[in-house]
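Quick look at work.txt (compact mmCIF, C-alpha atoms and all ligand atoms):
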# COMPACT_ATOMS: atom_id res chain seq x y z
CA MET A 1 -109.13 87.60 -199.37
CA ARG A 2 -108.90 84.10 -197.91
CA ILE A 3 -110.94 83.83 -194.73
CA VAL A 4 -111.37 81.11 -192.12
CA LEU A 5 -114.57 81.45 -190.15
CA ARG A 6 -114.68 79.59 -186.84
CA LEU A 7 -118.29 79.13 -185.91
CA GLY A 8 -118.79 78.31 -182.23
CA GLY A 9 -120.93 75.32 -181.39
CA SER A 10 -121.75 77.43 -178.34
CA VAL A 11 -123.32 79.95 -180.74
CA VAL A 12 -125.21 77.90 -183.35
CA ALA A 13 -125.62 74.55 -181.62
CA SER A 14 -126.19 75.00 -177.86
CA PRO A 15 -129.15 74.78 -178.33
CA VAL A 16 -129.37 74.43 -182.11
CA ASN A 17 -130.45 77.74 -183.65
CA THR A 18 -131.67 77.10 -187.19
CA ASP A 19 -132.38 80.81 -187.87
CA LEU A 20 -128.79 81.63 -187.01
CA ILE A 21 -127.49 78.74 -189.15
CA LYS A 22 -129.50 80.12 -192.11
CA LYS A 23 -128.16 83.63 -191.46
CA TYR A 24 -124.60 82.31 -191.41
CA ALA A 25 -125.20 80.53 -194.72
CA GLN A 26 -126.27 83.92 -196.12
CA ILE A 27 -123.21 85.65 -194.68
CA VAL A 28 -120.92 83.03 -196.23
CA ARG A 29 -122.70 83.48 -199.59
CA SER A 30 -122.08 87.24 -199.38
CA LEU A 31 -118.40 86.71 -198.59
CA LYS A 32 -118.10 84.36 -201.56
CA GLU A 33 -119.91 86.81 -203.87
CA GLN A 34 -117.48 89.51 -202.78
CA GLY A 35 -114.73 87.29 -204.20
CA ASN A 36 -113.37 85.78 -200.99
CA ASP A 37 -112.28 82.19 -200.45
CA VAL A 38 -113.97 80.87 -197.35
CA VAL A 39 -113.33 77.97 -194.96
CA VAL A 40 -115.89 77.40 -192.20
CA VAL A 41 -114.92 75.39 -189.11
CA VAL A 42 -117.89 74.37 -187.00
CA GLY A 43 -117.61 73.30 -183.35
CA GLY A 44 -119.45 70.52 -181.59
CA GLY A 45 -121.12 72.61 -178.87
CA ALA A 46 -123.19 71.11 -176.06
CA LEU A 47 -123.98 67.90 -177.93
CA ALA A 48 -120.26 67.13 -178.27
CA ARG A 49 -119.88 67.56 -174.52
CA GLU A 50 -122.91 65.31 -173.92
CA PHE A 51 -121.35 62.60 -176.06
CA ILE A 52 -118.01 63.02 -174.27
CA ALA A 53 -119.85 62.43 -170.97
CA ILE A 54 -121.56 59.32 -172.37
CA ALA A 55 -118.23 57.99 -173.67
CA LYS A 56 -116.73 58.58 -170.20
CA GLN A 57 -119.56 56.65 -168.55
CA LEU A 58 -118.75 53.80 -170.90
CA SER A 59 -115.13 54.04 -169.66
CA LEU A 60 -113.87 54.87 -173.14
CA ASP A 61 -110.43 56.48 -173.17
CA GLU A 62 -109.71 60.14 -174.00
CA GLN A 63 -108.89 59.41 -177.61
CA ALA A 64 -112.23 57.66 -178.10
CA GLN A 65 -114.03 60.55 -176.33
CA ASP A 66 -112.33 63.01 -178.68
CA GLU A 67 -113.19 60.92 -181.74
CA ILE A 68 -116.85 60.88 -180.73
CA ALA A 69 -116.80 64.67 -180.19
CA ILE A 70 -115.17 65.13 -183.60
CA SER A 71 -118.01 63.15 -185.17
CA VAL A 72 -120.52 65.51 -183.54
CA SER A 73 -118.73 68.59 -184.90
CA ARG A 74 -118.68 66.96 -188.34
CA LEU A 75 -122.41 66.35 -188.10
CA TYR A 76 -122.98 70.07 -187.53
CA ALA A 77 -120.53 70.79 -190.34
CA GLN A 78 -122.59 68.58 -192.65
CA LEU A 79 -125.77 70.36 -191.61
CA PHE A 80 -124.18 73.72 -192.41
CA LEU A 81 -122.78 72.45 -195.70
CA LYS A 82 -126.21 71.22 -196.84
CA THR A 83 -127.71 74.57 -195.84
CA LEU A 84 -125.08 76.37 -197.95
CA GLY A 85 -126.09 74.43 -201.06
CA GLY A 86 -124.17 74.52 -204.36
CA ILE A 87 -121.36 76.87 -203.34
CA GLY A 88 -120.23 74.35 -200.70
CA CYS A 89 -117.66 71.59 -201.14
CA ARG A 90 -118.89 68.11 -202.12
CA GLN A 91 -118.47 66.75 -198.61
CA VAL A 92 -117.22 67.84 -195.19
CA ALA A 93 -113.44 68.25 -195.37
CA LEU A 94 -111.79 65.58 -193.22
CA THR A 95 -108.16 66.65 -193.67
CA LEU A 96 -106.16 69.83 -194.30
CA ASP A 97 -105.42 68.58 -197.82
CA ASP A 98 -109.16 68.13 -198.45
CA ALA A 99 -109.57 71.80 -197.52
CA SER A 100 -106.91 72.90 -200.04
CA GLU A 101 -108.40 70.70 -202.74
CA TYR A 102 -111.94 72.01 -202.28
CA LEU A 103 -110.67 75.60 -202.31
CA ARG A 104 -108.90 74.89 -205.61
CA GLU A 105 -112.26 73.69 -206.92
CA GLY A 106 -113.64 77.13 -206.03
CA LYS A 107 -115.88 75.85 -203.27
CA VAL A 108 -116.57 77.02 -199.76
CA VAL A 109 -114.92 74.50 -197.44
CA VAL A 110 -116.81 73.31 -194.37
CA MET A 111 -115.23 71.16 -191.70
CA GLY A 112 -115.55 70.15 -188.04
CA GLY A 113 -112.86 68.53 -185.93
CA LEU A 114 -109.67 67.05 -187.32
CA LYS A 115 -107.85 64.85 -184.85
CA PRO A 116 -107.93 63.93 -181.14
CA GLY A 117 -106.25 66.14 -178.57
CA ILE A 118 -107.18 69.56 -179.97
CA THR A 119 -110.28 71.76 -180.29
CA THR A 120 -111.86 73.27 -183.38
CA ASP A 121 -110.06 76.56 -182.55
CA ALA A 122 -106.79 74.77 -183.25
CA VAL A 123 -108.35 73.19 -186.35
CA ALA A 124 -109.27 76.68 -187.59
CA ALA A 125 -105.70 77.88 -186.94
CA LEU A 126 -104.18 74.81 -188.62
CA VAL A 127 -106.34 75.16 -191.70
CA ALA A 128 -105.66 78.93 -191.83
CA GLU A 129 -101.95 78.14 -191.82
CA HIS A 130 -102.31 75.35 -194.38
CA VAL A 131 -104.30 77.37 -196.94
CA LYS A 132 -102.39 80.61 -196.14
CA ALA A 133 -105.48 82.48 -195.02
CA ASP A 134 -105.35 86.25 -194.51
CA LEU A 135 -107.74 86.30 -191.61
CA LEU A 136 -109.37 84.06 -189.01
CA VAL A 137 -112.65 85.31 -187.60
CA LYS A 138 -114.09 83.58 -184.57
CA GLY A 139 -117.76 84.01 -183.77
CA THR A 140 -118.10 83.28 -180.09
CA ASP A 141 -120.53 83.82 -177.22
CA GLN A 142 -118.81 86.97 -175.94
CA GLU A 143 -118.22 90.36 -177.55
CA GLY A 144 -114.49 89.77 -177.83
CA ILE A 145 -111.51 89.13 -175.60
CA TYR A 146 -111.57 90.69 -172.13
CA ASN A 147 -108.76 91.43 -169.69
CA LYS A 148 -110.45 88.90 -167.38
CA ASP A 149 -113.40 86.54 -167.54
CA PRO A 150 -116.44 88.80 -168.04
CA ARG A 151 -118.79 86.12 -166.72
CA LYS A 152 -117.08 86.25 -163.34
CA HIS A 153 -115.89 89.86 -163.12
CA ALA A 154 -118.28 92.76 -163.57
CA ASP A 155 -115.31 95.13 -164.07
CA ALA A 156 -113.81 93.11 -166.96
CA VAL A 157 -112.84 95.35 -169.87
CA LYS A 158 -113.09 94.32 -173.51
CA LEU A 159 -109.81 94.74 -175.36
CA ASP A 160 -110.14 96.27 -178.86
CA ARG A 161 -106.72 95.29 -180.08
CA LEU A 162 -103.74 93.33 -178.82
CA SER A 163 -100.68 91.47 -180.02
CA PHE A 164 -100.28 87.70 -179.77
CA ASP A 165 -97.68 88.24 -177.04
CA GLU A 166 -100.11 90.37 -175.04
CA LEU A 167 -102.75 87.71 -175.50
CA VAL A 168 -100.42 85.07 -174.11
CA ASN A 169 -99.96 87.32 -171.05
CA VAL A 170 -103.72 87.63 -170.62
CA PHE A 171 -103.86 83.85 -170.57
CA SER A 172 -101.01 83.35 -168.11
CA GLU A 173 -102.19 86.07 -165.73
CA HIS A 174 -105.55 84.41 -165.52
CA LYS A 175 -104.38 80.84 -165.67
CA HIS A 176 -106.78 79.64 -163.03
CA LYS A 177 -109.87 81.22 -164.50
CA ALA A 178 -111.41 78.83 -166.95
CA GLY A 179 -113.50 81.32 -168.93
CA ILE A 180 -110.67 83.08 -170.69
CA HIS A 181 -109.39 79.78 -172.05
CA GLN A 182 -112.65 79.16 -173.78
CA ILE A 183 -112.42 82.37 -175.80
CA VAL A 184 -109.48 81.15 -177.85
CA ASP A 185 -107.64 77.88 -177.34
CA PRO A 186 -103.96 78.66 -176.49
CA GLU A 187 -102.86 75.99 -178.95
CA ALA A 188 -104.60 77.97 -181.71
CA ILE A 189 -102.81 81.15 -180.58
CA LYS A 190 -99.43 79.42 -180.97
CA ILE A 191 -100.21 78.35 -184.52
CA LEU A 192 -101.57 81.78 -185.51
CA LYS A 193 -98.56 83.52 -184.00
CA ARG A 194 -96.04 81.44 -185.91
CA GLY A 195 -97.96 82.04 -189.16
CA ARG A 196 -98.39 85.77 -188.42
CA MET A 197 -102.10 85.52 -189.13
CA ARG A 198 -104.67 87.99 -187.95
CA LEU A 199 -107.45 86.87 -185.63
CA ILE A 200 -110.65 88.77 -184.93
CA VAL A 201 -112.92 87.54 -182.13
CA VAL A 202 -116.51 88.79 -182.35
CA SER A 203 -119.88 87.92 -180.88
CA GLY A 204 -121.29 85.16 -183.06
CA PHE A 205 -124.87 85.97 -182.10
CA ASN A 206 -124.86 88.83 -184.61
CA PRO A 207 -123.61 87.29 -187.89
CA GLU A 208 -123.26 90.77 -189.43
CA ASN A 209 -120.21 91.13 -187.18
CA ILE A 210 -118.40 88.73 -189.51
CA LEU A 211 -118.92 91.01 -192.52
CA ALA A 212 -117.90 94.04 -190.45
CA ALA A 213 -114.71 92.27 -189.32
CA VAL A 214 -113.80 91.34 -192.90
CA LYS A 215 -114.41 94.94 -194.04
CA GLY A 216 -111.94 96.11 -191.39
CA GLU A 217 -114.55 97.87 -189.29
CA LYS A 218 -113.91 98.14 -185.57
CA VAL A 219 -115.70 95.17 -184.04
CA GLY A 220 -114.79 92.62 -181.35
CA THR A 221 -111.09 92.16 -180.60
CA LEU A 222 -108.31 92.18 -183.19
CA VAL A 223 -105.23 90.09 -182.40
CA SER A 224 -102.27 90.57 -184.74
P1 LIG A 301 -115.02 71.85 -180.01
O1 LIG A 301 -113.96 72.70 -180.51
O2 LIG A 301 -115.99 71.27 -180.96
O3 LIG A 301 -115.91 72.53 -178.90
O4 LIG A 301 -114.33 70.70 -179.20
P2 LIG A 301 -115.68 73.86 -178.07
O5 LIG A 301 -114.23 74.09 -177.79
O6 LIG A 301 -116.62 73.76 -176.93
O7 LIG A 301 -116.12 74.95 -179.07
P3 LIG A 301 -117.58 75.35 -179.51
O8 LIG A 301 -117.77 76.73 -178.96
O9 LIG A 301 -118.52 74.32 -178.96
O10 LIG A 301 -117.53 75.37 -181.00
C1 LIG A 301 -115.04 69.83 -178.34
C2 LIG A 301 -114.16 68.66 -178.04
O11 LIG A 301 -114.03 67.83 -179.20
C3 LIG A 301 -112.77 67.22 -179.25
C4 LIG A 301 -112.06 67.66 -177.98
O12 LIG A 301 -112.35 66.74 -176.98
C5 LIG A 301 -112.73 68.98 -177.68
O13 LIG A 301 -112.60 69.36 -176.34
N1 LIG A 301 -112.07 67.61 -180.50
C6 LIG A 301 -112.57 68.57 -181.31
C7 LIG A 301 -110.93 66.93 -180.86
O14 LIG A 301 -110.44 66.06 -180.16
N2 LIG A 301 -110.33 67.25 -182.05
C8 LIG A 301 -110.80 68.21 -182.88
O15 LIG A 301 -110.17 68.44 -183.94
C9 LIG A 301 -111.94 68.90 -182.49
Written form, structure tokens:
Amino acid sequence: MRIVLRLGGSVVASPVNTDLIKKYAQIVRSLKEQGNDVVVVVGGGALAREFIAIAKQLSLDEQAQDEIAISVSRLYAQLFLKTLGGIGCRQVALTLDDASEYLREGKVVVMGGLKPGITTDAVAALVAEHVKADLLVKGTDQEGIYNKDPRKHADAVKLDRLSFDELVNVFSEHKHKAGIHQIVDPEAIKILKRGRMRLIVVSGFNPENILAAVKGEKVGTLVS
């Protein structure tokens, strides 16, 4: 199976959790040993946001702010790649074509951001589309997708399974509540929907969830 793993900066990098980074390296090794092709997309987390704020204070424009944030995500990607060791690609993939090339070489691909104006969720969706992945798994800071923002509503219910259309409705019904947007970037949803790719959102704080999701066990939220 060809798998894209979207690793939240909010999970491994806010603050940096080296134990978790090591565990993820082990999980990716297991996936590779099981015969899967793997692409890992790492987010920039709190440090990216700090650098965006600094860039703003310097009156740099949005594109420059994004470029700085992309560099931060690539720094975390490099850290993860080095931790992976020999099974990883020779350097952080900077383009979608790099990702395809490194997969052809039999390596695990690791990348951060790609271009201004998007988030690493959209990067994960774009790369999944480009390499024709079977599954995108997102490890995030919540147990899955909820019918409303669980940080603001005690009665929020986790959804086990939904279609992309239903997910779009969840977004539009709760347009004004920021939290839900952070779970999966709507731009990423659009790309996944047009490519008919499966997405599983799980809590990234337990890396075993990734293996469970790949095995088809009931974990997090499945969007298909
Ligand atoms: P991220 O995707 O790294 O952070 O984007 P996130 O959405 O907070 O996700 P996690 O949970 O930390 O992983 C942070 C910012 O980096 C810029 C955008 O400004 C985005 O809001 N960015 C990132 C880009 O412009 N292009 C990219 O390809 C990636």
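Compared by their closest atoms to ligand LIG 301 (chain A), and using only C-alpha atoms and all ligand atoms, the residues A:Lys132, A:Lys138, A:Arg104, A:Lys23 rank with A:Lys138 nearest.
The two atoms in question, atom CA of Ile52 of chain A and atom O3 of ligand LIG 301 (chain A), are spaced 10.8 Å apart.
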Using only C-alpha atoms and all ligand atoms, which residues of the polymer chains come no farther than 9 Å from ligand LIG 301 (chain A)? I'd like the answer as a short mmCIF file (atom, residue, chain, number, x, y, z; two decimals) with C-alpha atoms, keeping the file's coordinate frame.
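Wrote part.cif, looks like this:
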data_model
loop_
_atom_site.label_atom_id
_atom_site.label_comp_id
_atom_site.auth_asym_id
_atom_site.auth_seq_id
_atom_site.Cartn_x
_atom_site.Cartn_y
_atom_site.Cartn_z
CA ARG A 6 -114.68 79.59 -186.84
CA LEU A 7 -118.29 79.13 -185.91
CA GLY A 8 -118.79 78.31 -182.23
CA GLY A 9 -120.93 75.32 -181.39
CA SER A 10 -121.75 77.43 -178.34
CA VAL A 11 -123.32 79.95 -180.74
CA VAL A 12 -125.21 77.90 -183.35
CA ALA A 13 -125.62 74.55 -181.62
CA SER A 14 -126.19 75.00 -177.86
CA VAL A 41 -114.92 75.39 -189.11
CA VAL A 42 -117.89 74.37 -187.00
CA GLY A 43 -117.61 73.30 -183.35
CA GLY A 44 -119.45 70.52 -181.59
CA GLY A 45 -121.12 72.61 -178.87
CA ALA A 46 -123.19 71.11 -176.06
CA LEU A 47 -123.98 67.90 -177.93
CA ALA A 48 -120.26 67.13 -178.27
CA ARG A 49 -119.88 67.56 -174.52
CA ILE A 52 -118.01 63.02 -174.27
CA GLU A 62 -109.71 60.14 -174.00
CA GLN A 63 -108.89 59.41 -177.61
CA ALA A 64 -112.23 57.66 -178.10
CA GLN A 65 -114.03 60.55 -176.33
CA ASP A 66 -112.33 63.01 -178.68
CA GLU A 67 -113.19 60.92 -181.74
CA ILE A 68 -116.85 60.88 -180.73
CA ALA A 69 -116.80 64.67 -180.19
CA ILE A 70 -115.17 65.13 -183.60
CA SER A 71 -118.01 63.15 -185.17
CA VAL A 72 -120.52 65.51 -183.54
CA SER A 73 -118.73 68.59 -184.90
CA ARG A 74 -118.68 66.96 -188.34
CA GLY A 112 -115.55 70.15 -188.04
CA GLY A 113 -112.86 68.53 -185.93
CA LEU A 114 -109.67 67.05 -187.32
CA LYS A 115 -107.85 64.85 -184.85
CA PRO A 116 -107.93 63.93 -181.14
CA GLY A 117 -106.25 66.14 -178.57
CA ILE A 118 -107.18 69.56 -179.97
CA THR A 119 -110.28 71.76 -180.29
CA THR A 120 -111.86 73.27 -183.38
CA ASP A 121 -110.06 76.56 -182.55
CA ALA A 122 -106.79 74.77 -183.25
CA VAL A 123 -108.35 73.19 -186.35
CA GLY A 139 -117.76 84.01 -183.77
CA THR A 140 -118.10 83.28 -180.09
CA ASP A 141 -120.53 83.82 -177.22
CA GLN A 182 -112.65 79.16 -173.78
CA ILE A 183 -112.42 82.37 -175.80
CA VAL A 184 -109.48 81.15 -177.85
CA ASP A 185 -107.64 77.88 -177.34
#
Requested in this report: Between atom CA of Val109 of chain A and atom CA of Glu33 of chain A, measure the distance and give it in Å to one decimal.
Outcome: 14.8 Å
Enumerate, in order of chain and increasing residue number, the residues of segment 35-130 of chain A with an atom no farther than 12 Å from segment 207-223 of chain A, each with its shortest atom pair and distance in Å to one decimal, counting all atoms listed in the file, as CSV.
residue,atom,partner,partner_atom,distance
A:Asn36,CA,A:Val214,CA,9.8
A:Asp37,CA,A:Val214,CA,12.0
A:Val38,CA,A:Val214,CA,11.4
A:Val40,CA,A:Ile210,CA,11.9
Query raised in the report: Between A:Ser224, A:Glu129, A:Leu159, A:Ile145, which is the closest to Ile191 of chain A once you count all atoms listed in the file?
Result: A:Glu129
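Coordinates place atom CA of Gln142 of chain A at a distance of 25.2 Å from atom CA of Gly195 of chain A.
For the set A:Ala93, A:Leu81, A:Val157, A:Tyr146, the residue with the smallest atom-to-atom gap to Val127 of chain A is A:Ala93, counting all atoms listed in the file.
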Report summary line: With distances taken over all atoms listed in the file, the candidate from A:Asp155, A:Glu166, A:Val39, A:Lys56 nearest Asp98 of chain A is A:Val39
8 Å contact set for Ala125 of chain A, only C-alpha atoms, chain neighbours under 5 positions out, as a PDB file with C-alpha atoms, keeping the file's coordinate frame:
ATOM      1  CA  LEU A 136    -109.370  84.060-189.010  1.00  0.00           C
ATOM      2  CA  ALA A 188    -104.600  77.970-181.710  1.00  0.00           C
ATOM      3  CA  ILE A 189    -102.810  81.150-180.580  1.00  0.00           C
ATOM      4  CA  ILE A 191    -100.210  78.350-184.520  1.00  0.00           C
ATOM      5  CA  LEU A 192    -101.570  81.780-185.510  1.00  0.00           C
TER       6      LEU A 192
END
Is it possible to get the axis-aligned box enclosing segment 2-8 of chain A (all listed atoms, 6 Å extra per side) as JSON, with centre and edge lengths in Å rounded to one decimal?
{"center_x": -113.8, "center_y": 81.2, "center_z": -190.1, "size_x": 21.9, "size_y": 17.8, "size_z": 27.7}
Taking the structure in the block just given, could you write segment 100-123 of chain A with N, CA, C and O atoms, as a tab-separated table (two decimals), in the first residue's frame?
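The result, stored in result18.tsv:
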chain	number	residue	atom	x	y	z
A	100	SER	N	8.08	11.69	-6.02
A	100	SER	CA	7.94	10.52	-6.91
A	100	SER	C	9.29	9.87	-7.14
A	100	SER	O	9.41	8.63	-7.12
A	101	GLU	N	10.30	10.70	-7.36
A	101	GLU	CA	11.64	10.18	-7.65
A	101	GLU	C	12.18	9.37	-6.47
A	101	GLU	O	12.68	8.25	-6.64
A	102	TYR	N	12.04	9.89	-5.27
A	102	TYR	CA	12.57	9.19	-4.10
A	102	TYR	C	11.80	7.90	-3.83
A	102	TYR	O	12.37	6.92	-3.37
A	103	LEU	N	10.50	7.90	-4.15
A	103	LEU	CA	9.73	6.66	-3.99
A	103	LEU	C	10.23	5.61	-4.98
A	103	LEU	O	10.36	4.44	-4.63
A	104	ARG	N	10.51	6.06	-6.21
A	104	ARG	CA	11.05	5.13	-7.22
A	104	ARG	C	12.38	4.52	-6.75
A	104	ARG	O	12.69	3.38	-7.08
A	105	GLU	N	13.13	5.31	-5.99
A	105	GLU	CA	14.40	4.81	-5.45
A	105	GLU	C	14.18	3.88	-4.25
A	105	GLU	O	15.13	3.39	-3.66
A	106	GLY	N	12.93	3.69	-3.88
A	106	GLY	CA	12.61	2.76	-2.79
A	106	GLY	C	12.76	3.37	-1.41
A	106	GLY	O	12.83	2.65	-0.40
A	107	LYS	N	12.81	4.68	-1.35
A	107	LYS	CA	13.05	5.35	-0.07
A	107	LYS	C	11.76	5.90	0.55
A	107	LYS	O	10.78	6.16	-0.17
A	108	VAL	N	11.80	6.09	1.84
A	108	VAL	CA	10.72	6.80	2.52
A	108	VAL	C	10.93	8.29	2.22
A	108	VAL	O	12.03	8.81	2.39
A	109	VAL	N	9.89	8.94	1.74
A	109	VAL	CA	9.97	10.37	1.41
A	109	VAL	C	9.58	11.20	2.64
A	109	VAL	O	8.58	10.89	3.29
A	110	VAL	N	10.36	12.22	2.94
A	110	VAL	CA	9.99	13.13	4.01
A	110	VAL	C	9.99	14.54	3.45
A	110	VAL	O	10.93	14.93	2.73
A	111	MET	N	8.94	15.28	3.73
A	111	MET	CA	8.86	16.66	3.26
A	111	MET	C	8.11	17.55	4.25
A	111	MET	O	7.41	17.07	5.14
A	112	GLY	N	8.29	18.86	4.10
A	112	GLY	CA	7.55	19.83	4.90
A	112	GLY	C	6.61	20.56	3.97
A	112	GLY	O	5.89	19.96	3.18
A	113	GLY	N	6.66	21.89	4.00
A	113	GLY	CA	5.80	22.69	3.13
A	113	GLY	C	6.29	22.67	1.70
A	113	GLY	O	7.38	22.17	1.39
A	114	LEU	N	5.43	23.23	0.82
A	114	LEU	CA	5.70	23.13	-0.62
A	114	LEU	C	5.73	24.51	-1.28
A	114	LEU	O	6.65	24.85	-2.00
A	115	LYS	N	4.67	25.27	-1.04
A	115	LYS	CA	4.58	26.58	-1.69
A	115	LYS	C	3.69	27.50	-0.83
A	115	LYS	O	2.85	27.01	-0.06
A	116	PRO	N	3.86	28.81	-0.99
A	116	PRO	CA	3.05	29.75	-0.19
A	116	PRO	C	1.55	29.59	-0.44
A	116	PRO	O	1.15	29.11	-1.51
A	117	GLY	N	0.76	29.99	0.53
A	117	GLY	CA	-0.68	30.02	0.34
A	117	GLY	C	-1.43	28.75	0.69
A	117	GLY	O	-2.64	28.68	0.53
A	118	ILE	N	-0.72	27.73	1.16
A	118	ILE	CA	-1.41	26.49	1.56
A	118	ILE	C	-0.88	26.05	2.94
A	118	ILE	O	-0.09	26.77	3.54
A	119	THR	N	-1.36	24.93	3.44
A	119	THR	CA	-0.81	24.37	4.68
A	119	THR	C	-0.25	22.98	4.35
A	119	THR	O	-0.46	22.48	3.23
A	120	THR	N	0.39	22.37	5.31
A	120	THR	CA	0.94	21.04	5.03
A	120	THR	C	-0.17	19.98	4.87
A	120	THR	O	0.09	18.92	4.33
A	121	ASP	N	-1.38	20.26	5.33
A	121	ASP	CA	-2.51	19.35	5.01
A	121	ASP	C	-2.69	19.28	3.50
A	121	ASP	O	-2.86	18.20	2.93
A	122	ALA	N	-2.70	20.46	2.87
A	122	ALA	CA	-2.87	20.49	1.41
A	122	ALA	C	-1.65	19.86	0.72
A	122	ALA	O	-1.80	19.18	-0.29
A	123	VAL	N	-0.48	20.06	1.30
A	123	VAL	CA	0.72	19.42	0.74
A	123	VAL	C	0.53	17.90	0.76
A	123	VAL	O	0.79	17.20	-0.23
